[in-house]
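Containing PDB, C-alpha atoms: upload_39.pdb.
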```pdb
MODEL        1
ATOM      1  CA  MET W  80       7.176  20.048  25.028
ATOM      2  CA  ALA W  81      10.621  21.514  24.583
ATOM      3  CA  TYR W  82      13.360  19.537  22.914
ATOM      4  CA  ASP W  83      17.083  19.207  23.580
ATOM      5  CA  GLU W  84      18.563  21.847  21.286
ATOM      6  CA  GLY W  85      22.063  20.476  21.903
ATOM      7  CA  LEU W  86      21.044  17.072  20.560
ATOM      8  CA  ALA W  87      19.243  18.705  17.634
ATOM      9  CA  GLU W  88      22.390  20.680  16.812
ATOM     10  CA  ARG W  89      24.491  17.499  16.861
ATOM     11  CA  VAL W  90      22.038  15.936  14.396
ATOM     12  CA  ARG W  91      22.238  19.060  12.197
ATOM     13  CA  GLN W  92      26.029  18.961  12.201
ATOM     14  CA  TYR W  93      26.101  15.269  11.300
ATOM     15  CA  LEU W  94      23.639  15.694   8.445
ATOM     16  CA  GLY W  95      25.614  18.649   7.150
ATOM     17  CA  ALA W  96      24.403  20.726   4.253
ATOM     18  CA  ASP W  97      22.659  17.909   2.368
ATOM     19  CA  PRO W  98      20.128  19.688   0.140
ATOM     20  CA  GLY W  99      17.694  16.790   0.563
ATOM     21  CA  VAL W 100      17.425  17.380   4.331
ATOM     22  CA  THR W 101      14.843  19.741   5.810
ATOM     23  CA  GLU W 102      13.677  20.449   9.341
ATOM     24  CA  LYS W 103      10.107  20.590  10.560
ATOM     25  CA  ARG W 104       8.534  20.968  13.982
ATOM     26  CA  MET W 105       6.667  17.748  14.783
ATOM     27  CA  PHE W 106       5.633  15.707  17.819
ATOM     28  CA  GLY W 107       6.467  18.597  20.136
ATOM     29  CA  GLY W 108      10.050  18.544  18.908
ATOM     30  CA  ILE W 109      11.985  18.863  15.695
ATOM     31  CA  ALA W 110      12.116  16.371  12.847
ATOM     32  CA  PHE W 111      14.752  15.961  10.164
ATOM     33  CA  LEU W 112      13.316  14.844   6.849
ATOM     34  CA  TYR W 113      15.098  13.443   3.832
ATOM     35  CA  GLN W 114      13.313  14.258   0.579
ATOM     36  CA  GLY W 115      10.158  14.882   2.605
ATOM     37  CA  ASN W 116      10.279  11.644   4.625
ATOM     38  CA  MET W 117      11.117  11.754   8.312
ATOM     39  CA  ALA W 118      14.425  10.110   9.176
ATOM     40  CA  VAL W 119      15.106  11.220  12.759
ATOM     41  CA  GLY W 120      13.872  13.767  15.240
ATOM     42  CA  VAL W 121      14.402  15.097  18.717
ATOM     43  CA  THR W 122      11.623  15.170  21.278
ATOM     44  CA  GLY W 123      12.414  16.092  24.847
ATOM     45  CA  GLU W 124      15.881  14.656  25.494
ATOM     46  CA  ASP W 125      15.341  11.662  23.221
ATOM     47  CA  LEU W 126      16.026  10.800  19.596
ATOM     48  CA  MET W 127      13.174   9.476  17.417
ATOM     49  CA  VAL W 128      14.305   7.220  14.599
ATOM     50  CA  ARG W 129      12.264   5.890  11.705
ATOM     51  CA  VAL W 130      13.866   2.525  10.975
ATOM     52  CA  GLY W 131      11.008   0.862   9.087
ATOM     53  CA  PRO W 132       8.970  -2.205  10.040
ATOM     54  CA  ASP W 133      11.580  -4.722   8.880
ATOM     55  CA  ALA W 134      14.346  -3.257  11.062
ATOM     56  CA  ALA W 135      12.248  -2.443  14.133
ATOM     57  CA  ASP W 136      12.948  -5.605  16.144
ATOM     58  CA  ALA W 137      16.711  -5.309  15.657
ATOM     59  CA  ALA W 138      16.582  -1.609  16.540
ATOM     60  CA  LEU W 139      14.621  -2.319  19.710
ATOM     61  CA  ALA W 140      17.337  -4.760  20.809
ATOM     62  CA  ARG W 141      19.915  -1.950  20.819
ATOM     63  CA  PRO W 142      20.786  -0.113  24.064
ATOM     64  CA  GLY W 143      18.426   2.699  25.015
ATOM     65  CA  ALA W 144      15.784   1.947  22.369
ATOM     66  CA  ARG W 145      12.080   1.583  23.046
ATOM     67  CA  VAL W 146       8.857   1.557  21.065
ATOM     68  CA  PHE W 147       7.729   4.981  19.843
ATOM     69  CA  ASP W 148       4.351   5.473  21.474
ATOM     70  CA  MET W 149       3.098   8.998  22.128
ATOM     71  CA  THR W 150      -0.638   8.363  22.029
ATOM     72  CA  GLY W 151      -1.101   4.860  23.424
ATOM     73  CA  ARG W 152      -0.799   3.416  19.918
ATOM     74  CA  PRO W 153       2.756   2.324  19.064
ATOM     75  CA  MET W 154       4.036   3.534  15.717
ATOM     76  CA  ARG W 155       5.302   0.598  13.697
ATOM     77  CA  GLY W 156       8.796   1.007  12.349
ATOM     78  CA  TRP W 157       9.727   3.822  14.719
ATOM     79  CA  VAL W 158      11.838   3.762  17.882
ATOM     80  CA  VAL W 159      12.784   6.275  20.534
ATOM     81  CA  VAL W 160      16.342   6.234  21.806
ATOM     82  CA  THR W 161      16.989   7.709  25.213
ATOM     83  CA  GLY W 162      19.291  10.713  25.112
ATOM     84  CA  SER W 163      21.808   9.022  27.414
ATOM     85  CA  ALA W 164      22.310   6.288  24.774
ATOM     86  CA  VAL W 165      23.438   8.806  22.122
ATOM     87  CA  THR W 166      25.924  10.910  24.066
ATOM     88  CA  GLU W 167      28.767   9.400  22.046
ATOM     89  CA  ASP W 168      29.037  10.606  18.456
ATOM     90  CA  GLU W 169      29.474   7.045  17.171
ATOM     91  CA  ALA W 170      26.157   5.917  18.680
ATOM     92  CA  LEU W 171      24.327   9.008  17.437
ATOM     93  CA  SER W 172      25.703   8.662  13.916
ATOM     94  CA  ALA W 173      24.681   4.992  13.751
ATOM     95  CA  TRP W 174      21.084   5.897  14.617
ATOM     96  CA  ILE W 175      21.037   8.839  12.186
ATOM     97  CA  ASP W 176      22.399   6.576   9.462
ATOM     98  CA  ALA W 177      19.658   4.006  10.156
ATOM     99  CA  GLY W 178      16.910   6.627   9.957
ATOM    100  CA  SER W 179      18.410   8.275   6.891
ATOM    101  CA  ALA W 180      18.753   4.964   5.078
ATOM    102  CA  PHE W 181      15.109   4.128   5.619
ATOM    103  CA  ALA W 182      13.930   7.606   4.599
ATOM    104  CA  ALA W 183      16.083   7.409   1.458
ATOM    105  CA  SER W 184      14.438   4.111   0.543
ATOM    106  CA  LEU W 185      11.037   5.828   0.287
ATOM    107  CA  PRO W 186       9.755   7.777  -2.708
ATOM    108  CA  PRO W 187      10.367  11.531  -2.324
ATOM    109  CA  LYS W 188       7.356  13.579  -1.207
TER
ENDMDL
END
```
Show me the file's structure as structure tokens.
Amino acid sequence: MAYDEGLAERVRQYLGADPGVTEKRMFGGIAFLYQGNMAVGVTGEDLMVRVGPDAADAALARPGARVFDMTGRPMRGWVVVTGSAVTEDEALSAWIDAGSAFAASLPPK
């Protein structure tokens, strides 16, 4: 599955040159990891966000968010945000911040 390179580039630009951020191909798209833990990713035209189990319900209540389920088994603590819900930089940055905050709360890998 191809991924939206334009969305991936917007994520790259927002994350900047943080030395703790790396990219890795995952889930048929591209993932952005902070100290080895996935924060956000792009699959197809959508943004994947790792918010953590405690923040999942609140994240799912936000516009464009749905459960992350690629195999018929939902992944707890992850959401997918439709690409049309992150066309504005403010919305995209809020999701990236949420994913980055959770990844930063985990021990480095």
*Taking the file as shown, what set of residues would the PyMOL selection byres ((chain W and resi 164) around 12) give back, as a VMD selection string?*
chain W and resid 86 124 to 126 141 to 145 159 to 163 165 to 174
Care to translate the PyMOL selection byres ((chain W and resi 102) around 9) into actual residues of this file, as a PDB file with C-alpha atoms, in the coordinates of the input?
```
ATOM      1  CA  VAL W 100      17.425  17.380   4.331  1.00  0.00           C
ATOM      2  CA  THR W 101      14.843  19.741   5.810  1.00  0.00           C
ATOM      3  CA  LYS W 103      10.107  20.590  10.560  1.00  0.00           C
ATOM      4  CA  ARG W 104       8.534  20.968  13.982  1.00  0.00           C
ATOM      5  CA  ILE W 109      11.985  18.863  15.695  1.00  0.00           C
ATOM      6  CA  ALA W 110      12.116  16.371  12.847  1.00  0.00           C
ATOM      7  CA  PHE W 111      14.752  15.961  10.164  1.00  0.00           C
ATOM      8  CA  LEU W 112      13.316  14.844   6.849  1.00  0.00           C
ATOM      9  CA  GLY W 120      13.872  13.767  15.240  1.00  0.00           C
TER      10      GLY W 120
END
```
*Using the chain letters and numbering of this document, enumerate as a ChimeraX atom specification the residues selected by the PyMOL selection byres ((chain W and resi 131-138) around 8).*
/W:129-130,139-141,144,155-158,181
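From atom CA of W:Gly108 back to atom CA of W:Pro187, the distance works out to 22.4 Å.
Put simply, atom CA of W:Tyr113 is 19.0 Å away from atom CA of W:Met154.
Shortest separation to W:Tyr82 among W:Thr122, W:Thr150, W:Ser179, W:Ser184 occurs at residue W:Thr122, atoms counted being all atoms listed in the file.
Shown here are all protein and nucleic acid residues lying within 7 Å of (25.4, 13.6, 12.7), with all atoms listed in the file considered: W:Arg89, W:Val90, W:Arg91, W:Gln92, W:Tyr93, W:Leu94, W:Leu171, W:Ser172, W:Ile175.
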Residues from the last selection, C-alpha atoms, saved as a tab-separated table (two decimals), in the coordinates of the input:
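Below is the file again22.tsv, written as the result:
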```tsv
chain	number	residue	atom	x	y	z
W	89	ARG	CA	24.49	17.50	16.86
W	90	VAL	CA	22.04	15.94	14.40
W	91	ARG	CA	22.24	19.06	12.20
W	92	GLN	CA	26.03	18.96	12.20
W	93	TYR	CA	26.10	15.27	11.30
W	94	LEU	CA	23.64	15.69	8.44
W	171	LEU	CA	24.33	9.01	17.44
W	172	SER	CA	25.70	8.66	13.92
W	175	ILE	CA	21.04	8.84	12.19
```
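Atom CA of W:Arg152 is found 17.0 Å from atom CA of W:Met105.
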*Find the residues around W:Ala182 up to 7 Å (only C-alpha atoms counted), leave out those fewer than 4 positions away in its own chain, and share them as a list in words.*
Tyr113, Asn116, Met117, Ala118 and Gly178 of chain W
